[in-house]
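Raw contents of target.pdb, PDB, C-alpha atoms and all ligand atoms:
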ATOM      1  CA  MET I  24       3.981  -5.653  18.481
ATOM      2  CA  ALA I  25       0.416  -4.710  17.699
ATOM      3  CA  LEU I  26      -0.265  -1.404  15.976
ATOM      4  CA  PHE I  27      -3.753  -0.402  16.937
ATOM      5  CA  GLY I  28      -5.763   2.087  14.921
ATOM      6  CA  PRO I  29      -8.496   4.169  16.486
ATOM      7  CA  TYR I  30     -11.169   1.666  15.476
ATOM      8  CA  THR I  31      -9.368  -1.502  16.424
ATOM      9  CA  GLY I  32      -8.144  -2.818  19.699
ATOM     10  CA  ASP I  33      -7.006  -0.530  22.442
ATOM     11  CA  SER I  34      -7.423   3.114  21.452
ATOM     12  CA  SER I  35      -5.596   4.200  24.609
ATOM     13  CA  SER I  36      -2.440   2.498  23.313
ATOM     14  CA  SER I  37       0.340   4.822  22.162
ATOM     15  CA  GLU I  38       0.223   2.931  18.841
ATOM     16  CA  ALA I  39      -3.124   4.607  18.170
ATOM     17  CA  TYR I  40      -1.284   7.880  17.571
ATOM     18  CA  ALA I  41       0.128   8.848  14.184
ATOM     19  CA  ILE I  42       3.160  10.666  15.592
ATOM     20  CA  GLY I  43       5.241   9.861  18.651
ATOM     21  CA  VAL I  44       8.259   8.122  20.128
ATOM     22  CA  HIS I  45       6.398   4.803  20.050
ATOM     23  CA  TRP I  46       7.513   4.627  16.374
ATOM     24  CA  LYS I  47      11.193   4.675  17.313
ATOM     25  CA  GLU I  48      12.986   1.615  15.919
ATOM     26  CA  LYS I  49       9.965   0.698  13.736
ATOM     27  CA  LEU I  50      12.205   0.523  10.694
ATOM     28  CA  GLY I  51      10.492  -0.856   7.635
ATOM     29  CA  TYR I  52      11.657  -0.511   4.031
ATOM     30  CA  LYS I  53      11.477   2.101   1.305
ATOM     31  CA  VAL I  54      10.614   0.698  -2.110
ATOM     32  CA  VAL I  55      12.552   2.060  -5.086
ATOM     33  CA  GLU I  56      12.998   1.064  -8.738
ATOM     34  CA  GLY I  57      15.951  -1.228  -9.445
ATOM     35  CA  SER I  58      16.950  -4.881  -9.477
ATOM     36  CA  GLY I  59      17.729  -6.606  -6.237
ATOM     37  CA  PHE I  60      18.163 -10.193  -5.146
ATOM     38  CA  TYR I  61      14.397 -10.751  -4.695
ATOM     39  CA  GLY I  62      11.664 -10.473  -7.299
ATOM     40  CA  HIS I  63       9.713  -7.393  -6.159
ATOM     41  CA  PHE I  64       8.113  -5.477  -9.007
ATOM     42  CA  PHE I  65       5.917  -2.576 -10.027
ATOM     43  CA  GLY I  66       3.039  -3.169 -12.478
ATOM     44  CA  GLY I  67       2.643  -6.300 -14.536
ATOM     45  CA  GLN I  68      -0.022  -8.886 -13.961
ATOM     46  CA  THR I  69       0.786 -12.229 -12.408
ATOM     47  CA  TRP I  70      -2.469 -12.607 -10.457
ATOM     48  CA  GLU I  71      -5.959 -13.188 -11.808
ATOM     49  CA  LEU I  72      -7.694  -9.899 -11.068
ATOM     50  CA  PRO I  73     -11.396  -9.052 -10.930
ATOM     51  CA  LEU I  74     -12.881  -6.257 -13.031
ATOM     52  CA  CYS I  75     -13.183  -2.811 -11.492
ATOM     53  CA  PRO I  76     -16.945  -2.480 -10.914
ATOM     54  CA  SER I  77     -16.836   1.048 -12.295
ATOM     55  CA  CYS I  78     -14.327   0.913 -15.223
ATOM     56  CA  ARG I  79     -15.090  -2.719 -16.203
ATOM     57  CA  GLN I  80     -11.372  -3.271 -16.718
ATOM     58  CA  PRO I  81      -9.200  -5.514 -14.510
ATOM     59  CA  LEU I  82      -7.845  -3.973 -11.320
ATOM     60  CA  GLN I  83      -4.210  -2.922 -11.423
ATOM     61  CA  GLN I  84      -1.441  -4.865  -9.716
ATOM     62  CA  ILE I  85       0.409  -1.784  -8.499
ATOM     63  CA  LEU I  86       3.275  -3.408  -6.628
ATOM     64  CA  THR I  87       4.016  -7.056  -5.931
ATOM     65  CA  PHE I  88       6.373  -8.244  -3.217
ATOM     66  CA  ASP I  89       8.358 -11.467  -3.183
ATOM     67  CA  LEU I  90       7.768 -12.869   0.294
ATOM     68  CA  ASN I  91      10.864 -15.068   0.086
ATOM     69  CA  ASP I  92      12.658 -11.883   1.050
ATOM     70  CA  PRO I  93      13.383 -12.328   4.785
ATOM     71  CA  ALA I  94      12.834  -8.572   5.244
ATOM     72  CA  LEU I  95       9.127  -9.213   4.674
ATOM     73  CA  LEU I  96       8.804 -12.283   6.916
ATOM     74  CA  GLU I  97       5.961 -10.646   8.847
ATOM     75  CA  LEU I  98       3.835 -10.723   5.686
ATOM     76  CA  LYS I  99       4.608 -14.326   4.737
ATOM     77  CA  VAL I 100       1.349 -15.725   6.098
ATOM     78  CA  GLY I 101      -1.281 -18.276   5.069
ATOM     79  CA  GLY I 102       0.725 -19.837   2.241
ATOM     80  CA  LEU I 103       1.327 -16.539   0.429
ATOM     81  CA  SER I 104       4.533 -16.425  -1.582
ATOM     82  CA  GLU I 105       3.786 -13.030  -3.123
ATOM     83  CA  LEU I 106       1.874 -10.022  -1.836
ATOM     84  CA  PRO I 107       0.138  -8.053  -4.609
ATOM     85  CA  LEU I 108      -1.083  -4.537  -3.765
ATOM     86  CA  VAL I 109      -4.097  -3.999  -6.002
ATOM     87  CA  SER I 110      -6.711  -1.361  -6.731
ATOM     88  CA  CYS I 111      -8.095   0.606  -9.657
ATOM     89  CA  LEU I 112      -6.259   3.897 -10.043
ATOM     90  CA  ASN I 113      -8.462   5.194 -12.858
ATOM     91  CA  CYS I 114     -11.654   5.976 -10.986
ATOM     92  CA  SER I 115     -13.073   6.797  -7.567
ATOM     93  CA  TYR I 116     -12.733   3.095  -6.629
ATOM     94  CA  CYS I 117      -9.470   3.706  -4.782
ATOM     95  CA  TRP I 118     -10.914   6.624  -2.784
ATOM     96  CA  GLU I 119     -13.020   4.407  -0.543
ATOM     97  CA  PRO I 120     -11.920   1.426   1.543
ATOM     98  CA  GLN I 121     -11.883  -1.820  -0.431
ATOM     99  CA  ALA I 122     -11.394  -5.389   0.716
ATOM    100  CA  PHE I 123     -10.067  -8.273  -1.368
ATOM    101  CA  ARG I 124      -9.455 -11.924  -0.642
ATOM    102  CA  LEU I 125      -6.154 -13.373  -1.850
ATOM    103  CA  ILE I 126      -6.663 -16.943  -2.996
ATOM    104  CA  VAL I 127      -3.610 -19.210  -3.043
ATOM    105  CA  PRO I 128      -2.122 -21.224  -4.637
ATOM    106  CA  GLU I 129      -4.310 -20.098  -7.570
ATOM    107  CA  ASN I 130      -3.025 -16.507  -7.210
ATOM    108  CA  LYS I 131      -6.454 -15.043  -7.630
ATOM    109  CA  VAL I 132      -7.889 -11.829  -6.164
ATOM    110  CA  GLN I 133     -11.569 -11.677  -5.249
ATOM    111  CA  ILE I 134     -13.543  -8.576  -4.257
ATOM    112  CA  VAL I 135     -14.974  -9.038  -0.751
ATOM    113  CA  ASP I 136     -16.493  -5.653  -0.242
ATOM    114  CA  GLN I 137     -16.483  -2.362  -2.045
ATOM    115  CA  TRP I 138     -17.795   1.020  -1.072
ATOM    116  CA  ASP I 139     -17.339   3.222  -4.131
ATOM    117  CA  ASP I 140     -20.557   5.127  -4.752
ATOM    118  CA  GLN I 141     -19.080   8.245  -6.346
ATOM    119  CA  ASP I 142     -18.713   6.712  -9.801
ATOM    120  CA  TRP I 143     -16.055   9.190 -10.929
ATOM    121  CA  ARG I 144     -13.798   8.163 -13.801
ATOM    122  CA  MET I 145     -10.488   9.610 -14.929
ATOM    123  CA  ASP I 146     -10.462  11.339 -18.337
ATOM    124  CA  GLU I 147      -9.344   8.994 -21.085
ATOM    125  CA  GLU I 148      -6.016  10.799 -21.695
ATOM    126  CA  ASP I 149      -5.031  10.663 -18.012
ATOM    127  CA  ARG I 150      -5.817   7.002 -17.410
ATOM    128  CA  LEU I 151      -2.975   4.782 -16.232
ATOM    129  CA  PRO I 152      -2.460   1.663 -18.397
ATOM    130  CA  VAL I 153      -4.108  -1.634 -17.436
ATOM    131  CA  PRO I 154      -2.011  -3.571 -16.638
ATOM    132  CA  LEU I 155       0.652  -1.102 -15.580
ATOM    133  CA  PRO I 156       4.001  -1.614 -17.359
ATOM    134  CA  GLN I 157       6.317  -3.779 -15.290
ATOM    135  CA  THR I 158       9.656  -2.871 -13.737
ATOM    136  CA  SER I 159      11.811  -4.353 -10.973
ATOM    137  CA  MET I 160      11.840  -2.832  -7.523
ATOM    138  CA  LYS I 161      14.087  -3.218  -4.520
ATOM    139  CA  LEU I 162      13.911  -2.458  -0.814
ATOM    140  CA  GLU I 163      16.040  -0.030   1.162
ATOM    141  CA  ARG I 164      16.042  -0.120   4.936
ATOM    142  CA  MET I 165      14.436   2.941   6.563
ATOM    143  CA  THR I 166      16.617   5.038   8.819
ATOM    144  CA  GLU I 167      15.670   6.935  11.985
ATOM    145  CA  ASP I 168      14.964   9.949   9.705
ATOM    146  CA  ASP I 169      12.071   8.094   8.098
ATOM    147  CA  LEU I 170      10.135   7.662  11.341
ATOM    148  CA  PRO I 171       7.351   9.987  12.558
ATOM    149  CA  ILE I 172       8.673  10.271  16.106
ATOM    150  CA  ASP I 173       7.793  13.981  16.321
ATOM    151  CA  GLU I 174       6.136  16.640  14.132
ATOM    152  CA  ASP I 175       9.404  17.735  12.477
ATOM    153  CA  CYS I 176      10.511  14.198  11.658
ATOM    154  CA  PHE I 177       7.040  13.445  10.337
ATOM    155  CA  GLU I 178       7.101  16.476   8.005
ATOM    156  CA  LEU I 179      10.582  15.643   6.709
ATOM    157  CA  ALA I 180       9.763  11.977   6.139
ATOM    158  CA  LEU I 181       6.538  12.935   4.351
ATOM    159  CA  GLU I 182       8.423  15.360   2.118
ATOM    160  CA  ARG I 183      10.756  12.570   0.974
ATOM    161  CA  PHE I 184       7.905  10.106   0.471
ATOM    162  CA  GLY I 185       6.948  10.607  -3.214
ATOM    163  CA  ARG I 186      10.246  12.336  -4.004
ATOM    164  CA  GLU I 187      12.596   9.493  -3.096
ATOM    165  CA  GLN I 188      10.275   6.484  -3.011
ATOM    166  CA  ILE I 189       6.680   5.717  -4.032
ATOM    167  CA  CYS I 190       6.101   3.049  -1.393
ATOM    168  CA  ARG I 191       6.988   2.264   2.222
ATOM    169  CA  ILE I 192       6.486  -1.284   3.425
ATOM    170  CA  LEU I 193       6.212  -2.379   7.081
ATOM    171  CA  GLY I 194       7.696  -0.269   9.864
ATOM    172  CA  ALA I 195       6.117   3.042  10.804
ATOM    173  CA  PRO I 196       3.397   4.343   8.484
ATOM    174  CA  LEU I 197       3.041   8.053   7.712
ATOM    175  CA  TYR I 198      -0.623   8.890   8.201
ATOM    176  CA  LEU I 199      -1.926  12.014   6.472
ATOM    177  CA  THR I 200      -4.830  12.172   8.885
ATOM    178  CA  ASP I 201      -5.601   9.520  11.516
ATOM    179  CA  PRO I 202      -4.262   6.006  11.903
ATOM    180  CA  ILE I 203      -6.152   3.726   9.507
ATOM    181  CA  ASP I 204      -8.879   1.315  10.531
ATOM    182  CA  ARG I 205      -7.207  -2.077  10.671
ATOM    183  CA  GLN I 206     -10.112  -4.224  11.724
ATOM    184  CA  CYS I 207     -10.498  -7.194   9.382
ATOM    185  CA  PRO I 208     -13.890  -7.080   7.610
ATOM    186  CA  GLY I 209     -13.811 -10.905   7.578
ATOM    187  CA  CYS I 210     -13.019 -12.005  11.126
ATOM    188  CA  GLY I 211     -12.954  -8.724  13.067
ATOM    189  CA  SER I 212      -9.416  -9.187  14.333
ATOM    190  CA  GLU I 213      -6.572  -6.784  13.871
ATOM    191  CA  MET I 214      -4.815  -6.761  10.506
ATOM    192  CA  ILE I 215      -1.083  -6.299   9.856
ATOM    193  CA  TYR I 216      -0.228  -2.855   8.492
ATOM    194  CA  ALA I 217       1.530  -3.751   5.225
ATOM    195  CA  ALA I 218       2.384  -0.743   3.074
ATOM    196  CA  GLN I 219       1.549   2.710   1.777
ATOM    197  CA  ILE I 220       1.798   4.053  -1.799
ATOM    198  CA  ILE I 221       2.072   7.639  -3.034
ATOM    199  CA  GLU I 222       2.391   9.152  -6.526
ATOM    200  CA  ASP I 223       5.697  10.114  -8.111
ATOM    201  CA  ASP I 224       6.262  13.770  -7.226
ATOM    202  CA  TYR I 225       6.088  15.885 -10.406
ATOM    203  CA  THR I 226       9.242  17.858  -9.511
ATOM    204  CA  GLN I 227      11.298  14.691  -9.546
ATOM    205  CA  LYS I 228      13.812  14.232 -12.379
ATOM    206  CA  PRO I 229      14.499  11.506 -13.335
ATOM    207  CA  PRO I 230      11.153   9.982 -12.344
ATOM    208  CA  LEU I 231      10.948   7.378  -9.573
ATOM    209  CA  ILE I 232       9.182   4.979 -11.947
ATOM    210  CA  SER I 233      10.730   5.021 -15.410
ATOM    211  CA  VAL I 234       8.052   3.014 -17.236
ATOM    212  CA  VAL I 235       4.982   5.190 -16.599
ATOM    213  CA  ASP I 236       4.072   8.652 -15.371
ATOM    214  CA  PHE I 237       2.843   7.445 -11.989
ATOM    215  CA  LYS I 238       0.288  10.078 -10.987
ATOM    216  CA  LEU I 239      -2.480   9.376  -8.494
ATOM    217  CA  GLY I 240      -3.528  12.809  -7.341
ATOM    218  CA  GLU I 241      -2.700  13.961  -3.853
ATOM    219  CA  LEU I 242      -3.545  10.791  -2.070
ATOM    220  CA  VAL I 243      -1.889   7.974  -0.207
ATOM    221  CA  LEU I 244      -3.144   4.386  -0.352
ATOM    222  CA  TYR I 245      -2.656   2.216   2.726
ATOM    223  CA  PHE I 246      -2.786  -1.570   2.651
ATOM    224  CA  SER I 247      -3.336  -3.982   5.531
ATOM    225  CA  LEU I 248      -3.475  -7.757   5.530
ATOM    226  CA  CYS I 249      -5.341 -10.240   7.728
ATOM    227  CA  PRO I 250      -3.086 -13.273   8.293
ATOM    228  CA  SER I 251      -6.025 -15.621   8.970
ATOM    229  CA  CYS I 252      -8.486 -14.622   6.201
ATOM    230  CA  LEU I 253      -5.864 -13.403   3.682
ATOM    231  CA  ILE I 254      -8.040 -10.342   3.280
ATOM    232  CA  LEU I 255      -6.205  -7.347   1.886
ATOM    233  CA  LYS I 256      -7.784  -4.003   2.722
ATOM    234  CA  THR I 257      -7.000  -0.646   1.156
ATOM    235  CA  GLU I 258      -7.802   2.723   2.580
ATOM    236  CA  MET I 259      -7.071   6.164   1.116
ATOM    237  CA  GLN I 260      -6.082   9.390   2.801
ATOM    238  CA  GLY I 261      -5.814  12.683   0.941
ATOM    239  CA  THR I 262      -3.812  15.803   1.556
TER     240      THR I 262
HETATM  241 ZN    ZN I 301     -11.912   1.746 -11.888
HETATM  242 ZN    ZN I 302      -9.580 -11.745   9.118
END

Let's see the structure in the file written out as structure tokens.
Ligand SMILES: [Zn+2]
Ligand SMILES: [Zn+2]
Amino acid sequence: MALFGPYTGDSSSSEAYAIGVHWKEKLGYKVVEGSGFYGHFFGGQTWELPLCPSCRQPLQQILTFDLNDPALLELKVGGLSELPLVSCLNCSYCWEPQAFRLIVPENKVQIVDQWDDQDWRMDEEDRLPVPLPQTSMKLERMTEDDLPIDEDCFELALERFGREQICRILGAPLYLTDPIDRQCPGCGSEMIYAAQIIEDDYTQKPPLISVVDFKLGELVLYFSLCPSCLILKTEMQGT
């Protein structure tokens, strides 16, 4: 079923709202560290990545999903066998929407559009490594408690996001503000909502990601994918 944002498709659809019973049964997956049957991973670099226009270092492959996993069938489009979620986490690049083209079978990421004009860079000592150290990840099915079907459920799910998992893939997104703009900058059609990423909550012991102190600031990155153009778009929302 389509999930329309306020700037795409039918804004009168119930899917245009961040919270509500229309999310019932939209069970995606929570992404946690650990080995599973499929080759999902955090960090590493298996794709050819462009340089961040601001840092002049390659973008970071934050999480990569093995699309042979039948749980992620919806994202297995256009000859993709892996879905890399990329951005630069060391500057203001990830604060603005960015669009990338995924080129297969070469496994190459190309910048389509970028809107960063703030030119802010993280202090040297706080920068996350490029590439990020790699570790295996696995998927856990969401439960009813993870869905934003009303304000209370939304608050509880948001509290666990960042304390129990750093990523949610497919299913119902948790929007900090409004639903994201999912219009494809290539063809104008509606993109598939893919995933959202949050930092590891500092109160968490042991950490959710053992190989790096995964701090992003108080922001959530959302990723959507156009099945026809293989354009991956990121958008940020802050608390
Ligand atoms: Zn950068
Ligand atoms: Zn498109």

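Near ligand ZN 301 (chain I), at distances of 10 Å or less and with only C-alpha atoms and all ligand atoms counted, sit the residues Leu74, Cys75, Pro76, Ser77, Cys78, Arg79, Gln80, Pro81, Leu82, Gln83, Ser110, Cys111, Leu112, Asn113, Cys114, Ser115, Tyr116, Cys117, Asp139, Asp142, Trp143, Arg144, Met145 and Arg150 of chain I.
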
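Put simply, the PyMOL selection byres (((not hetatm)) within 7 of (chain I and resi 302)) in this file takes in Cys207, Pro208, Gly209, Cys210, Gly211, Ser212, Cys249, Pro250, Ser251, Cys252, Leu253 and Ile254 of chain I.
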
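We find atom CA of I:Ser104 and atom CA of I:Phe237 to be spaced 26.1 Å apart.
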
(message) Nearest residue to I:Leu125 out of I:Val235, I:Leu155, I:Leu106, I:Met165, using only C-alpha atoms?
(response) I:Leu106

(message) I need the residue nearest I:Phe184 from this list: I:Glu48, I:Asp204, I:Asp224, I:Glu163. Use all atoms listed in the file for the distance.
(response) I:Asp224

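Proximity to I:Leu103 was assessed for I:Ser233, I:Gln121, I:Asn130, I:Gln188 counting all atoms listed in the file; the smallest distance is recorded for I:Asn130.
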
Determine, for each residue of stretch 185-231 of chain I having at least one atom at most 12 Å from an atom of stretch 99-102 of chain I, the closest pair of atoms and their separation in Å to one decimal, counting only C-alpha atoms; order by chain and ascending number, as JSON lines.
{"residue": "I:Met214", "atom": "CA", "partner": "I:Val100", "partner_atom": "CA", "distance": 11.7}
{"residue": "I:Ile215", "atom": "CA", "partner": "I:Val100", "partner_atom": "CA", "distance": 10.4}
{"residue": "I:Ala217", "atom": "CA", "partner": "I:Lys99", "partner_atom": "CA", "distance": 11.0}

(message) Taking (-1.0, -4.3, 8.4) as a centre in this file's frame and 10 Å as the limit, can you find every polymer residue with an atom that close, using all atoms listed in the file, and give them as a PyMOL selection string?
(response) chain I and resi 25-27+97-98+192-194+196+203-207+213-219+245-250+255-256

Translate the PyMOL selection byres (((chain I and resi 52-56) around 7) and not hetatm) into a concrete residue list for this structure, as a PDB file with C-alpha atoms, keeping the file's coordinate frame.
ATOM      1  CA  LEU I  50      12.205   0.523  10.694  1.00  0.00           C
ATOM      2  CA  GLY I  51      10.492  -0.856   7.635  1.00  0.00           C
ATOM      3  CA  GLY I  57      15.951  -1.228  -9.445  1.00  0.00           C
ATOM      4  CA  SER I 159      11.811  -4.353 -10.973  1.00  0.00           C
ATOM      5  CA  MET I 160      11.840  -2.832  -7.523  1.00  0.00           C
ATOM      6  CA  LYS I 161      14.087  -3.218  -4.520  1.00  0.00           C
ATOM      7  CA  LEU I 162      13.911  -2.458  -0.814  1.00  0.00           C
ATOM      8  CA  GLU I 163      16.040  -0.030   1.162  1.00  0.00           C
ATOM      9  CA  ARG I 164      16.042  -0.120   4.936  1.00  0.00           C
ATOM     10  CA  MET I 165      14.436   2.941   6.563  1.00  0.00           C
ATOM     11  CA  GLN I 188      10.275   6.484  -3.011  1.00  0.00           C
ATOM     12  CA  ILE I 189       6.680   5.717  -4.032  1.00  0.00           C
ATOM     13  CA  CYS I 190       6.101   3.049  -1.393  1.00  0.00           C
ATOM     14  CA  ARG I 191       6.988   2.264   2.222  1.00  0.00           C
ATOM     15  CA  ILE I 192       6.486  -1.284   3.425  1.00  0.00           C
ATOM     16  CA  LEU I 193       6.212  -2.379   7.081  1.00  0.00           C
ATOM     17  CA  LEU I 231      10.948   7.378  -9.573  1.00  0.00           C
ATOM     18  CA  ILE I 232       9.182   4.979 -11.947  1.00  0.00           C
TER      19      ILE I 232
END

(message) Restricting the calculation to all atoms listed in the file: of I:Val234, I:Lys47, I:Tyr61, I:Met259, which residue gets closest to I:Glu167?
(response) I:Lys47

Incomplete stretch 170-193 of chain I brought to N, CA and C atoms, written out as an mmCIF file, in the frame of the given file:
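What landed in out_22.cif:
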data_model
loop_
_atom_site.group_PDB
_atom_site.id
_atom_site.type_symbol
_atom_site.label_atom_id
_atom_site.label_comp_id
_atom_site.auth_asym_id
_atom_site.auth_seq_id
_atom_site.Cartn_x
_atom_site.Cartn_y
_atom_site.Cartn_z
ATOM 1 N N LEU I 170 11.152 8.019 10.349
ATOM 2 C CA LEU I 170 10.135 7.662 11.341
ATOM 3 C C LEU I 170 9.439 8.903 11.909
ATOM 4 N N PRO I 171 8.118 8.822 12.077
ATOM 5 C CA PRO I 171 7.351 9.987 12.558
ATOM 6 C C PRO I 171 7.390 10.105 14.091
ATOM 7 N N ILE I 172 8.598 10.256 14.636
ATOM 8 C CA ILE I 172 8.673 10.271 16.106
ATOM 9 C C ILE I 172 8.306 11.626 16.699
ATOM 10 N N ASP I 173 8.366 12.693 15.897
ATOM 11 C CA ASP I 173 7.793 13.981 16.321
ATOM 12 C C ASP I 173 7.337 14.733 15.070
ATOM 13 N N GLU I 174 6.707 15.884 15.253
ATOM 14 C CA GLU I 174 6.136 16.640 14.132
ATOM 15 C C GLU I 174 7.163 16.934 13.042
ATOM 16 N N ASP I 175 8.369 17.371 13.453
ATOM 17 C CA ASP I 175 9.404 17.735 12.477
ATOM 18 C C ASP I 175 9.835 16.530 11.659
ATOM 19 N N CYS I 176 10.101 15.431 12.356
ATOM 20 C CA CYS I 176 10.511 14.198 11.658
ATOM 21 C C CYS I 176 9.413 13.743 10.709
ATOM 22 N N PHE I 177 8.177 13.840 11.169
ATOM 23 C CA PHE I 177 7.040 13.445 10.337
ATOM 24 C C PHE I 177 7.021 14.262 9.046
ATOM 25 N N GLU I 178 7.138 15.592 9.179
ATOM 26 C CA GLU I 178 7.101 16.476 8.005
ATOM 27 C C GLU I 178 8.229 16.155 7.035
ATOM 28 N N LEU I 179 9.423 15.936 7.569
ATOM 29 C CA LEU I 179 10.582 15.643 6.709
ATOM 30 C C LEU I 179 10.421 14.302 5.996
ATOM 31 N N ALA I 180 9.942 13.307 6.735
ATOM 32 C CA ALA I 180 9.763 11.977 6.139
ATOM 33 C C ALA I 180 8.693 12.047 5.049
ATOM 34 N N LEU I 181 7.629 12.812 5.315
ATOM 35 C CA LEU I 181 6.538 12.935 4.351
ATOM 36 C C LEU I 181 7.003 13.660 3.078
ATOM 37 N N GLU I 182 7.878 14.639 3.258
ATOM 38 C CA GLU I 182 8.423 15.360 2.118
ATOM 39 C C GLU I 182 9.214 14.427 1.193
ATOM 40 N N ARG I 183 9.955 13.495 1.788
ATOM 41 C CA ARG I 183 10.756 12.570 0.974
ATOM 42 C C ARG I 183 9.922 11.468 0.333
ATOM 43 N N PHE I 184 8.802 11.145 0.976
ATOM 44 C CA PHE I 184 7.905 10.106 0.471
ATOM 45 C C PHE I 184 7.244 10.670 -0.794
ATOM 46 N N GLY I 185 7.467 10.047 -1.955
ATOM 47 C CA GLY I 185 6.948 10.607 -3.214
ATOM 48 C C GLY I 185 8.034 11.336 -3.997
ATOM 49 N N ARG I 186 9.103 11.735 -3.295
ATOM 50 C CA ARG I 186 10.246 12.336 -4.004
ATOM 51 C C ARG I 186 11.390 11.344 -4.100
ATOM 52 N N GLU I 187 11.498 10.470 -3.092
ATOM 53 C CA GLU I 187 12.596 9.493 -3.096
ATOM 54 C C GLU I 187 12.094 8.066 -3.219
ATOM 55 N N GLN I 188 10.840 7.835 -2.894
ATOM 56 C CA GLN I 188 10.275 6.484 -3.011
ATOM 57 C C GLN I 188 8.758 6.607 -3.150
ATOM 58 N N ILE I 189 8.139 5.652 -3.862
ATOM 59 C CA ILE I 189 6.680 5.717 -4.032
ATOM 60 C C ILE I 189 5.971 4.798 -3.051
ATOM 61 N N CYS I 190 6.745 3.999 -2.301
ATOM 62 C CA CYS I 190 6.101 3.049 -1.393
ATOM 63 C C CYS I 190 6.968 2.846 -0.163
ATOM 64 N N ARG I 191 6.323 2.676 0.973
ATOM 65 C CA ARG I 191 6.988 2.264 2.222
ATOM 66 C C ARG I 191 6.293 0.988 2.650
ATOM 67 N N ILE I 192 7.081 -0.014 3.016
ATOM 68 C CA ILE I 192 6.486 -1.284 3.425
ATOM 69 C C ILE I 192 6.935 -1.629 4.840
ATOM 70 N N LEU I 193 6.006 -2.072 5.654
ATOM 71 C CA LEU I 193 6.212 -2.379 7.081
ATOM 72 C C LEU I 193 6.803 -1.173 7.822
#
